[in-house]
>>> print(open('run-v9.pdb').read())   # PDB, N, CA and C atoms
ATOM      1  N   MET M   1     173.456 196.152  95.891
ATOM      2  CA  MET M   1     172.804 194.896  96.198
ATOM      3  C   MET M   1     173.636 194.170  97.239
ATOM      4  N   SER M   2     172.990 193.615  98.231
ATOM      5  CA  SER M   2     173.711 192.850  99.236
ATOM      6  C   SER M   2     173.013 191.507  99.440
ATOM      7  N   VAL M   3     173.783 190.568  99.933
ATOM      8  CA  VAL M   3     173.298 189.214 100.158
ATOM      9  C   VAL M   3     173.152 189.012 101.659
ATOM     10  N   ASP M   4     172.015 188.476 102.095
ATOM     11  CA  ASP M   4     171.838 188.189 103.513
ATOM     12  C   ASP M   4     172.088 186.705 103.780
ATOM     13  N   LEU M   5     172.070 186.340 105.041
ATOM     14  CA  LEU M   5     172.385 184.973 105.442
ATOM     15  C   LEU M   5     171.391 183.970 104.864
ATOM     16  N   ALA M   6     170.111 184.343 104.803
ATOM     17  CA  ALA M   6     169.098 183.435 104.249
ATOM     18  C   ALA M   6     169.365 183.149 102.777
ATOM     19  N   THR M   7     169.805 184.163 102.027
ATOM     20  CA  THR M   7     170.101 183.966 100.604
ATOM     21  C   THR M   7     171.298 183.037 100.427
ATOM     22  N   VAL M   8     172.327 183.208 101.255
ATOM     23  CA  VAL M   8     173.508 182.338 101.179
ATOM     24  C   VAL M   8     173.099 180.892 101.442
ATOM     25  N   LYS M   9     172.279 180.676 102.460
ATOM     26  CA  LYS M   9     171.857 179.311 102.781
ATOM     27  C   LYS M   9     170.990 178.729 101.667
ATOM     28  N   ARG M  10     170.144 179.552 101.067
ATOM     29  CA  ARG M  10     169.285 179.065  99.972
ATOM     30  C   ARG M  10     170.121 178.683  98.759
ATOM     31  N   VAL M  11     171.085 179.515  98.398
ATOM     32  CA  VAL M  11     171.956 179.208  97.259
ATOM     33  C   VAL M  11     172.762 177.943  97.543
ATOM     34  N   ALA M  12     173.268 177.804  98.760
ATOM     35  CA  ALA M  12     174.014 176.596  99.118
ATOM     36  C   ALA M  12     173.118 175.366  99.019
ATOM     37  N   HIS M  13     171.875 175.496  99.448
ATOM     38  CA  HIS M  13     170.936 174.372  99.350
ATOM     39  C   HIS M  13     170.666 174.014  97.891
ATOM     40  N   LEU M  14     170.440 175.025  97.056
ATOM     41  CA  LEU M  14     170.187 174.765  95.636
ATOM     42  C   LEU M  14     171.397 174.135  94.955
ATOM     43  N   ALA M  15     172.599 174.509  95.403
ATOM     44  CA  ALA M  15     173.829 173.963  94.823
ATOM     45  C   ALA M  15     174.217 172.637  95.472
ATOM     46  N   ARG M  16     173.401 172.197  96.422
ATOM     47  CA  ARG M  16     173.660 170.940  97.140
ATOM     48  C   ARG M  16     175.006 170.989  97.864
ATOM     49  N   ILE M  17     175.279 172.138  98.508
ATOM     50  CA  ILE M  17     176.519 172.320  99.255
ATOM     51  C   ILE M  17     176.148 172.461 100.727
ATOM     52  N   ALA M  18     176.747 171.632 101.572
ATOM     53  CA  ALA M  18     176.506 171.738 103.006
ATOM     54  C   ALA M  18     177.413 172.828 103.577
ATOM     55  N   VAL M  19     176.817 173.824 104.215
ATOM     56  CA  VAL M  19     177.600 174.897 104.831
ATOM     57  C   VAL M  19     177.174 175.043 106.289
ATOM     58  N   SER M  20     178.170 175.224 107.145
ATOM     59  CA  SER M  20     177.880 175.461 108.554
ATOM     60  C   SER M  20     177.498 176.926 108.730
ATOM     61  N   GLU M  21     177.079 177.269 109.946
ATOM     62  CA  GLU M  21     176.700 178.656 110.235
ATOM     63  C   GLU M  21     177.899 179.594 110.058
ATOM     64  N   GLU M  22     179.081 179.152 110.499
ATOM     65  CA  GLU M  22     180.299 179.968 110.362
ATOM     66  C   GLU M  22     180.663 180.170 108.889
ATOM     67  N   GLU M  23     180.574 179.090 108.111
ATOM     68  CA  GLU M  23     180.892 179.191 106.688
ATOM     69  C   GLU M  23     179.905 180.101 105.973
ATOM     70  N   ALA M  24     178.633 180.030 106.345
ATOM     71  CA  ALA M  24     177.621 180.882 105.722
ATOM     72  C   ALA M  24     177.907 182.347 106.032
ATOM     73  N   GLN M  25     178.309 182.636 107.260
ATOM     74  CA  GLN M  25     178.652 184.020 107.623
ATOM     75  C   GLN M  25     179.843 184.513 106.785
ATOM     76  N   ARG M  26     180.872 183.656 106.664
ATOM     77  CA  ARG M  26     182.057 184.028 105.883
ATOM     78  C   ARG M  26     181.700 184.226 104.413
ATOM     79  N   MET M  27     180.877 183.308 103.881
ATOM     80  CA  MET M  27     180.478 183.414 102.473
ATOM     81  C   MET M  27     179.640 184.659 102.226
ATOM     82  N   MET M  28     178.813 185.044 103.193
ATOM     83  CA  MET M  28     178.010 186.245 103.038
ATOM     84  C   MET M  28     178.919 187.465 102.854
ATOM     85  N   GLY M  29     179.965 187.554 103.675
ATOM     86  CA  GLY M  29     180.909 188.660 103.538
ATOM     87  C   GLY M  29     181.636 188.640 102.207
ATOM     88  N   GLU M  30     182.061 187.447 101.775
ATOM     89  CA  GLU M  30     182.777 187.321 100.501
ATOM     90  C   GLU M  30     181.881 187.679  99.324
ATOM     91  N   LEU M  31     180.645 187.187  99.331
ATOM     92  CA  LEU M  31     179.733 187.479  98.231
ATOM     93  C   LEU M  31     179.379 188.964  98.181
ATOM     94  N   ASN M  32     179.187 189.577  99.330
ATOM     95  CA  ASN M  32     178.915 191.018  99.346
ATOM     96  C   ASN M  32     180.110 191.812  98.834
ATOM     97  N   GLY M  33     181.319 191.350  99.138
ATOM     98  CA  GLY M  33     182.513 192.003  98.599
ATOM     99  C   GLY M  33     182.584 191.895  97.080
ATOM    100  N   ILE M  34     182.271 190.722  96.551
ATOM    101  CA  ILE M  34     182.277 190.506  95.101
ATOM    102  C   ILE M  34     181.227 191.384  94.432
ATOM    103  N   LEU M  35     180.019 191.403  94.994
ATOM    104  CA  LEU M  35     178.952 192.214  94.413
ATOM    105  C   LEU M  35     179.274 193.701  94.486
ATOM    106  N   GLY M  36     179.948 194.125  95.560
ATOM    107  CA  GLY M  36     180.377 195.520  95.660
ATOM    108  C   GLY M  36     181.367 195.875  94.560
ATOM    109  N   PHE M  37     182.285 194.950  94.277
ATOM    110  CA  PHE M  37     183.255 195.183  93.213
ATOM    111  C   PHE M  37     182.563 195.267  91.857
ATOM    112  N   VAL M  38     181.581 194.404  91.613
ATOM    113  CA  VAL M  38     180.841 194.428  90.352
ATOM    114  C   VAL M  38     180.089 195.751  90.216
ATOM    115  N   GLU M  39     179.524 196.225  91.298
ATOM    116  CA  GLU M  39     178.838 197.523  91.260
ATOM    117  C   GLU M  39     179.809 198.646  90.925
ATOM    118  N   GLN M  40     181.032 198.576  91.440
ATOM    119  CA  GLN M  40     182.051 199.579  91.099
ATOM    120  C   GLN M  40     182.353 199.539  89.613
ATOM    121  N   LEU M  41     182.446 198.355  89.043
ATOM    122  CA  LEU M  41     182.747 198.224  87.616
ATOM    123  C   LEU M  41     181.644 198.833  86.759
ATOM    124  N   SER M  42     180.398 198.754  87.212
ATOM    125  CA  SER M  42     179.298 199.296  86.419
ATOM    126  C   SER M  42     179.320 200.824  86.386
ATOM    127  N   GLU M  43     180.076 201.445  87.278
ATOM    128  CA  GLU M  43     180.176 202.901  87.309
ATOM    129  C   GLU M  43     181.204 203.437  86.318
ATOM    130  N   VAL M  44     182.047 202.576  85.774
ATOM    131  CA  VAL M  44     183.108 203.007  84.863
ATOM    132  C   VAL M  44     182.507 203.394  83.519
ATOM    133  N   ASN M  45     182.920 204.536  82.990
ATOM    134  CA  ASN M  45     182.458 204.986  81.678
ATOM    135  C   ASN M  45     183.271 204.277  80.597
ATOM    136  N   VAL M  46     182.615 203.457  79.810
ATOM    137  CA  VAL M  46     183.289 202.713  78.750
ATOM    138  C   VAL M  46     182.841 203.192  77.372
ATOM    139  N   GLU M  47     182.289 204.366  77.320
ATOM    140  CA  GLU M  47     181.823 204.928  76.049
ATOM    141  C   GLU M  47     182.993 205.065  75.085
ATOM    142  N   GLY M  48     182.875 204.484  73.919
ATOM    143  CA  GLY M  48     183.896 204.602  72.884
ATOM    144  C   GLY M  48     185.066 203.641  73.051
ATOM    145  N   VAL M  49     185.032 202.759  74.026
ATOM    146  CA  VAL M  49     186.121 201.795  74.226
ATOM    147  C   VAL M  49     185.834 200.568  73.367
ATOM    148  N   GLU M  50     186.761 200.229  72.511
ATOM    149  CA  GLU M  50     186.597 199.074  71.625
ATOM    150  C   GLU M  50     186.831 197.774  72.396
ATOM    151  N   PRO M  51     186.084 196.718  72.080
ATOM    152  CA  PRO M  51     186.322 195.412  72.713
ATOM    153  C   PRO M  51     187.719 194.913  72.375
ATOM    154  N   MET M  52     188.340 194.224  73.329
ATOM    155  CA  MET M  52     189.705 193.735  73.134
ATOM    156  C   MET M  52     189.716 192.212  73.082
ATOM    157  N   THR M  53     190.602 191.670  72.266
ATOM    158  CA  THR M  53     190.819 190.231  72.259
ATOM    159  C   THR M  53     192.105 189.876  72.980
ATOM    160  N   SER M  54     192.936 190.880  73.228
ATOM    161  CA  SER M  54     194.217 190.671  73.885
ATOM    162  C   SER M  54     194.685 192.005  74.458
ATOM    163  N   VAL M  55     195.647 191.951  75.363
ATOM    164  CA  VAL M  55     196.187 193.191  75.909
ATOM    165  C   VAL M  55     197.163 193.849  74.940
ATOM    166  N   THR M  56     197.603 193.102  73.952
ATOM    167  CA  THR M  56     198.461 193.670  72.916
ATOM    168  C   THR M  56     197.714 193.660  71.593
ATOM    169  N   PRO M  57     197.886 194.705  70.783
ATOM    170  CA  PRO M  57     197.174 194.722  69.498
ATOM    171  C   PRO M  57     197.625 193.577  68.594
ATOM    172  N   MET M  58     196.675 192.876  68.035
ATOM    173  CA  MET M  58     197.006 191.795  67.108
ATOM    174  C   MET M  58     195.802 191.535  66.209
ATOM    175  N   ALA M  59     196.067 191.009  65.052
ATOM    176  CA  ALA M  59     194.999 190.653  64.120
ATOM    177  C   ALA M  59     194.538 189.236  64.430
ATOM    178  N   MET M  60     193.247 189.038  64.443
ATOM    179  CA  MET M  60     192.711 187.700  64.690
ATOM    180  C   MET M  60     192.926 186.830  63.458
ATOM    181  N   LYS M  61     193.300 185.582  63.704
ATOM    182  CA  LYS M  61     193.468 184.647  62.605
ATOM    183  C   LYS M  61     192.084 184.268  62.096
ATOM    184  N   GLU M  62     191.908 184.306  60.812
ATOM    185  CA  GLU M  62     190.630 183.958  60.210
ATOM    186  C   GLU M  62     190.830 182.851  59.190
ATOM    187  N   ARG M  63     189.815 182.034  59.050
ATOM    188  CA  ARG M  63     189.844 180.986  58.036
ATOM    189  C   ARG M  63     188.485 180.943  57.365
ATOM    190  N   ASP M  64     188.444 180.383  56.185
ATOM    191  CA  ASP M  64     187.184 180.242  55.476
ATOM    192  C   ASP M  64     186.292 179.259  56.216
ATOM    193  N   ASP M  65     185.019 179.557  56.285
ATOM    194  CA  ASP M  65     184.054 178.683  56.923
ATOM    195  C   ASP M  65     183.568 177.674  55.889
ATOM    196  N   VAL M  66     184.297 176.561  55.792
ATOM    197  CA  VAL M  66     184.022 175.553  54.775
ATOM    198  C   VAL M  66     183.824 174.205  55.448
ATOM    199  N   VAL M  67     182.816 173.473  55.026
ATOM    200  CA  VAL M  67     182.609 172.122  55.529
ATOM    201  C   VAL M  67     183.639 171.225  54.875
ATOM    202  N   THR M  68     184.461 170.576  55.694
ATOM    203  CA  THR M  68     185.519 169.732  55.140
ATOM    204  C   THR M  68     185.316 168.256  55.451
ATOM    205  N   ASP M  69     184.379 167.941  56.345
ATOM    206  CA  ASP M  69     184.204 166.557  56.737
ATOM    207  C   ASP M  69     182.723 166.315  57.008
ATOM    208  N   GLY M  70     181.987 166.031  55.959
ATOM    209  CA  GLY M  70     180.555 165.829  56.127
ATOM    210  C   GLY M  70     180.066 164.634  55.347
ATOM    211  N   ASN M  71     178.789 164.414  55.402
ATOM    212  CA  ASN M  71     178.136 163.314  54.683
ATOM    213  C   ASN M  71     178.754 161.961  55.033
ATOM    214  N   LYS M  72     179.028 161.757  56.320
ATOM    215  CA  LYS M  72     179.607 160.487  56.746
ATOM    216  C   LYS M  72     178.721 159.801  57.778
ATOM    217  N   ALA M  73     177.417 159.962  57.654
ATOM    218  CA  ALA M  73     176.495 159.366  58.620
ATOM    219  C   ALA M  73     176.640 157.849  58.655
ATOM    220  N   ALA M  74     176.805 157.244  57.520
ATOM    221  CA  ALA M  74     176.947 155.784  57.480
ATOM    222  C   ALA M  74     178.213 155.336  58.207
ATOM    223  N   ASP M  75     179.288 156.102  58.072
ATOM    224  CA  ASP M  75     180.528 155.773  58.782
ATOM    225  C   ASP M  75     180.363 155.930  60.290
ATOM    226  N   VAL M  76     179.579 156.928  60.701
ATOM    227  CA  VAL M  76     179.383 157.191  62.126
ATOM    228  C   VAL M  76     178.641 156.039  62.786
ATOM    229  N   VAL M  77     177.608 155.535  62.161
ATOM    230  CA  VAL M  77     176.809 154.464  62.769
ATOM    231  C   VAL M  77     177.307 153.072  62.388
ATOM    232  N   ALA M  78     178.424 152.970  61.700
ATOM    233  CA  ALA M  78     178.923 151.667  61.243
ATOM    234  C   ALA M  78     179.181 150.709  62.397
ATOM    235  N   ASN M  79     179.644 151.201  63.544
ATOM    236  CA  ASN M  79     179.953 150.333  64.678
ATOM    237  C   ASN M  79     178.811 150.254  65.688
ATOM    238  N   ALA M  80     177.691 150.850  65.394
ATOM    239  CA  ALA M  80     176.547 150.796  66.311
ATOM    240  C   ALA M  80     175.966 149.392  66.327
ATOM    241  N   PRO M  81     175.542 148.904  67.503
ATOM    242  CA  PRO M  81     174.926 147.572  67.552
ATOM    243  C   PRO M  81     173.678 147.490  66.684
ATOM    244  N   VAL M  82     172.850 148.555  66.726
ATOM    245  CA  VAL M  82     171.625 148.575  65.926
ATOM    246  C   VAL M  82     171.439 149.997  65.402
ATOM    247  N   SER M  83     171.173 150.117  64.104
ATOM    248  CA  SER M  83     170.905 151.436  63.524
ATOM    249  C   SER M  83     169.860 151.284  62.430
ATOM    250  N   ASP M  84     169.239 152.407  62.108
ATOM    251  CA  ASP M  84     168.217 152.412  61.068
ATOM    252  C   ASP M  84     168.294 153.758  60.355
ATOM    253  N   ARG M  85     168.533 153.742  59.047
ATOM    254  CA  ARG M  85     168.618 154.953  58.224
ATOM    255  C   ARG M  85     169.539 156.000  58.841
ATOM    256  N   ASP M  86     170.736 155.598  59.229
ATOM    257  CA  ASP M  86     171.784 156.469  59.778
ATOM    258  C   ASP M  86     171.433 157.056  61.149
ATOM    259  N   PHE M  87     170.558 156.396  61.893
ATOM    260  CA  PHE M  87     170.233 156.796  63.257
ATOM    261  C   PHE M  87     170.582 155.650  64.207
ATOM    262  N   PHE M  88     171.065 155.985  65.404
ATOM    263  CA  PHE M  88     171.286 154.980  66.423
ATOM    264  C   PHE M  88     169.942 154.535  66.974
ATOM    265  N   LEU M  89     169.758 153.243  67.163
ATOM    266  CA  LEU M  89     168.559 152.724  67.806
ATOM    267  C   LEU M  89     168.946 152.293  69.217
ATOM    268  N   VAL M  90     168.217 152.797  70.196
ATOM    269  CA  VAL M  90     168.485 152.477  71.587
ATOM    270  C   VAL M  90     167.209 151.968  72.226
ATOM    271  N   PRO M  91     167.330 151.143  73.272
ATOM    272  CA  PRO M  91     166.123 150.625  73.925
ATOM    273  C   PRO M  91     165.385 151.743  74.640
ATOM    274  N   LYS M  92     164.078 151.638  74.674
ATOM    275  CA  LYS M  92     163.250 152.614  75.366
ATOM    276  C   LYS M  92     163.367 152.357  76.856
ATOM    277  N   VAL M  93     163.607 153.402  77.632
ATOM    278  CA  VAL M  93     163.742 153.261  79.069
ATOM    279  C   VAL M  93     162.543 153.929  79.733
ATOM    280  N   VAL M  94     161.794 153.132  80.468
ATOM    281  CA  VAL M  94     160.635 153.654  81.194
ATOM    282  C   VAL M  94     160.792 153.212  82.640
ATOM    283  N   GLU M  95     160.776 154.169  83.541
ATOM    284  CA  GLU M  95     160.894 153.829  84.970
ATOM    285  C   GLU M  95     159.637 154.139  85.699
TER     286      GLU M  95
END
>>> encode(input="run-v9.pdb", output="structure tokens")
Amino acid sequence: MSVDLATVKRVAHLARIAVSEEEAQRMMGELNGILGFVEQLSEVNVEGVEPMTSVTPMAMKERDDVVTDGNKAADVVANAPVSDRDFFLVPKVVE
């Protein structure tokens, strides 16, 4: 897959980035280089390779999945200017 100049300009426009003609040419080369590298990575056989969390073997720290701080809705809205049944009330904005 390669990127042409029109695609670079369209992506820059969508990202709201102003690019000159020279910058677009440079970015086209850089993006094509990146995409070429990604294509090379897709050719690597990773069959049987386990996912890694680190470059050194280590056990992941685990903890019990327990709710320790809940049922405090009233405390959360205590400082709200206006609330109703544990919900914040805000003015309706119509433009």
>>> atom_distance(input="run-v9.pdb", atom1="atom N of M:Val67", atom2="atom C of M:Asp86")
20.9 Å
>>> select_by_dssp(input="run-v9.pdb", residues="chain M", states="alpha helix (DSSP H)", output="ChimeraX atom specification")
/M:5-14,21-42,73-76
>>> write_last_selection(input="run-v9.pdb", atoms="N, CA and C atoms", output="mmCIF file, in the coordinates of the input")
data_model
loop_
_atom_site.group_PDB
_atom_site.id
_atom_site.type_symbol
_atom_site.label_atom_id
_atom_site.label_comp_id
_atom_site.auth_asym_id
_atom_site.auth_seq_id
_atom_site.Cartn_x
_atom_site.Cartn_y
_atom_site.Cartn_z
ATOM 1 N N LEU M 5 172.070 186.340 105.041
ATOM 2 C CA LEU M 5 172.385 184.973 105.442
ATOM 3 C C LEU M 5 171.391 183.970 104.864
ATOM 4 N N ALA M 6 170.111 184.343 104.803
ATOM 5 C CA ALA M 6 169.098 183.435 104.249
ATOM 6 C C ALA M 6 169.365 183.149 102.777
ATOM 7 N N THR M 7 169.805 184.163 102.027
ATOM 8 C CA THR M 7 170.101 183.966 100.604
ATOM 9 C C THR M 7 171.298 183.037 100.427
ATOM 10 N N VAL M 8 172.327 183.208 101.255
ATOM 11 C CA VAL M 8 173.508 182.338 101.179
ATOM 12 C C VAL M 8 173.099 180.892 101.442
ATOM 13 N N LYS M 9 172.279 180.676 102.460
ATOM 14 C CA LYS M 9 171.857 179.311 102.781
ATOM 15 C C LYS M 9 170.990 178.729 101.667
ATOM 16 N N ARG M 10 170.144 179.552 101.067
ATOM 17 C CA ARG M 10 169.285 179.065 99.972
ATOM 18 C C ARG M 10 170.121 178.683 98.759
ATOM 19 N N VAL M 11 171.085 179.515 98.398
ATOM 20 C CA VAL M 11 171.956 179.208 97.259
ATOM 21 C C VAL M 11 172.762 177.943 97.543
ATOM 22 N N ALA M 12 173.268 177.804 98.760
ATOM 23 C CA ALA M 12 174.014 176.596 99.118
ATOM 24 C C ALA M 12 173.118 175.366 99.019
ATOM 25 N N HIS M 13 171.875 175.496 99.448
ATOM 26 C CA HIS M 13 170.936 174.372 99.350
ATOM 27 C C HIS M 13 170.666 174.014 97.891
ATOM 28 N N LEU M 14 170.440 175.025 97.056
ATOM 29 C CA LEU M 14 170.187 174.765 95.636
ATOM 30 C C LEU M 14 171.397 174.135 94.955
ATOM 31 N N GLU M 21 177.079 177.269 109.946
ATOM 32 C CA GLU M 21 176.700 178.656 110.235
ATOM 33 C C GLU M 21 177.899 179.594 110.058
ATOM 34 N N GLU M 22 179.081 179.152 110.499
ATOM 35 C CA GLU M 22 180.299 179.968 110.362
ATOM 36 C C GLU M 22 180.663 180.170 108.889
ATOM 37 N N GLU M 23 180.574 179.090 108.111
ATOM 38 C CA GLU M 23 180.892 179.191 106.688
ATOM 39 C C GLU M 23 179.905 180.101 105.973
ATOM 40 N N ALA M 24 178.633 180.030 106.345
ATOM 41 C CA ALA M 24 177.621 180.882 105.722
ATOM 42 C C ALA M 24 177.907 182.347 106.032
ATOM 43 N N GLN M 25 178.309 182.636 107.260
ATOM 44 C CA GLN M 25 178.652 184.020 107.623
ATOM 45 C C GLN M 25 179.843 184.513 106.785
ATOM 46 N N ARG M 26 180.872 183.656 106.664
ATOM 47 C CA ARG M 26 182.057 184.028 105.883
ATOM 48 C C ARG M 26 181.700 184.226 104.413
ATOM 49 N N MET M 27 180.877 183.308 103.881
ATOM 50 C CA MET M 27 180.478 183.414 102.473
ATOM 51 C C MET M 27 179.640 184.659 102.226
ATOM 52 N N MET M 28 178.813 185.044 103.193
ATOM 53 C CA MET M 28 178.010 186.245 103.038
ATOM 54 C C MET M 28 178.919 187.465 102.854
ATOM 55 N N GLY M 29 179.965 187.554 103.675
ATOM 56 C CA GLY M 29 180.909 188.660 103.538
ATOM 57 C C GLY M 29 181.636 188.640 102.207
ATOM 58 N N GLU M 30 182.061 187.447 101.775
ATOM 59 C CA GLU M 30 182.777 187.321 100.501
ATOM 60 C C GLU M 30 181.881 187.679 99.324
ATOM 61 N N LEU M 31 180.645 187.187 99.331
ATOM 62 C CA LEU M 31 179.733 187.479 98.231
ATOM 63 C C LEU M 31 179.379 188.964 98.181
ATOM 64 N N ASN M 32 179.187 189.577 99.330
ATOM 65 C CA ASN M 32 178.915 191.018 99.346
ATOM 66 C C ASN M 32 180.110 191.812 98.834
ATOM 67 N N GLY M 33 181.319 191.350 99.138
ATOM 68 C CA GLY M 33 182.513 192.003 98.599
ATOM 69 C C GLY M 33 182.584 191.895 97.080
ATOM 70 N N ILE M 34 182.271 190.722 96.551
ATOM 71 C CA ILE M 34 182.277 190.506 95.101
ATOM 72 C C ILE M 34 181.227 191.384 94.432
ATOM 73 N N LEU M 35 180.019 191.403 94.994
ATOM 74 C CA LEU M 35 178.952 192.214 94.413
ATOM 75 C C LEU M 35 179.274 193.701 94.486
ATOM 76 N N GLY M 36 179.948 194.125 95.560
ATOM 77 C CA GLY M 36 180.377 195.520 95.660
ATOM 78 C C GLY M 36 181.367 195.875 94.560
ATOM 79 N N PHE M 37 182.285 194.950 94.277
ATOM 80 C CA PHE M 37 183.255 195.183 93.213
ATOM 81 C C PHE M 37 182.563 195.267 91.857
ATOM 82 N N VAL M 38 181.581 194.404 91.613
ATOM 83 C CA VAL M 38 180.841 194.428 90.352
ATOM 84 C C VAL M 38 180.089 195.751 90.216
ATOM 85 N N GLU M 39 179.524 196.225 91.298
ATOM 86 C CA GLU M 39 178.838 197.523 91.260
ATOM 87 C C GLU M 39 179.809 198.646 90.925
ATOM 88 N N GLN M 40 181.032 198.576 91.440
ATOM 89 C CA GLN M 40 182.051 199.579 91.099
ATOM 90 C C GLN M 40 182.353 199.539 89.613
ATOM 91 N N LEU M 41 182.446 198.355 89.043
ATOM 92 C CA LEU M 41 182.747 198.224 87.616
ATOM 93 C C LEU M 41 181.644 198.833 86.759
ATOM 94 N N SER M 42 180.398 198.754 87.212
ATOM 95 C CA SER M 42 179.298 199.296 86.419
ATOM 96 C C SER M 42 179.320 200.824 86.386
ATOM 97 N N ALA M 73 177.417 159.962 57.654
ATOM 98 C CA ALA M 73 176.495 159.366 58.620
ATOM 99 C C ALA M 73 176.640 157.849 58.655
ATOM 100 N N ALA M 74 176.805 157.244 57.520
ATOM 101 C CA ALA M 74 176.947 155.784 57.480
ATOM 102 C C ALA M 74 178.213 155.336 58.207
ATOM 103 N N ASP M 75 179.288 156.102 58.072
ATOM 104 C CA ASP M 75 180.528 155.773 58.782
ATOM 105 C C ASP M 75 180.363 155.930 60.290
ATOM 106 N N VAL M 76 179.579 156.928 60.701
ATOM 107 C CA VAL M 76 179.383 157.191 62.126
ATOM 108 C C VAL M 76 178.641 156.039 62.786
#
>>> resolve_selection(input="run-v9.pdb", expression="the PyMOL selection byres ((chain M and resi 3) around 8)", output="NGL selection string")
:M and (1-2 or 4-8 or 27-29 or 31-33 or 35)
>>> atom_distance(input="run-v9.pdb", atom1="atom CA of M:Ser54", atom2="atom CA of M:Glu30")
29.2 Å
>>> axis_aligned_box(input="run-v9.pdb", around="stretch 32-51 of chain M", padding_each_side="4 Å", output="lines of an AutoDock Vina configuration file")
center_x = 183.3
center_y = 197.3
center_z = 85.5
size_x = 16.9
size_y = 23.5
size_z = 35.7
>>> atom_distance(input="run-v9.pdb", atom1="atom CA of M:Ser20", atom2="atom CA of M:Phe37")
25.6 Å
>>> select_by_dssp(input="run-v9.pdb", residues="chain M", states="strand (DSSP E or B)", output="PyMOL selection string")
chain M and resi 83-84+87-88
>>> closest_residue(input="run-v9.pdb", among="M:Val11, M:Ala74, M:Met60, M:Asp69", to="M:Phe87", atoms="only N, CA and C atoms")
M:Ala74
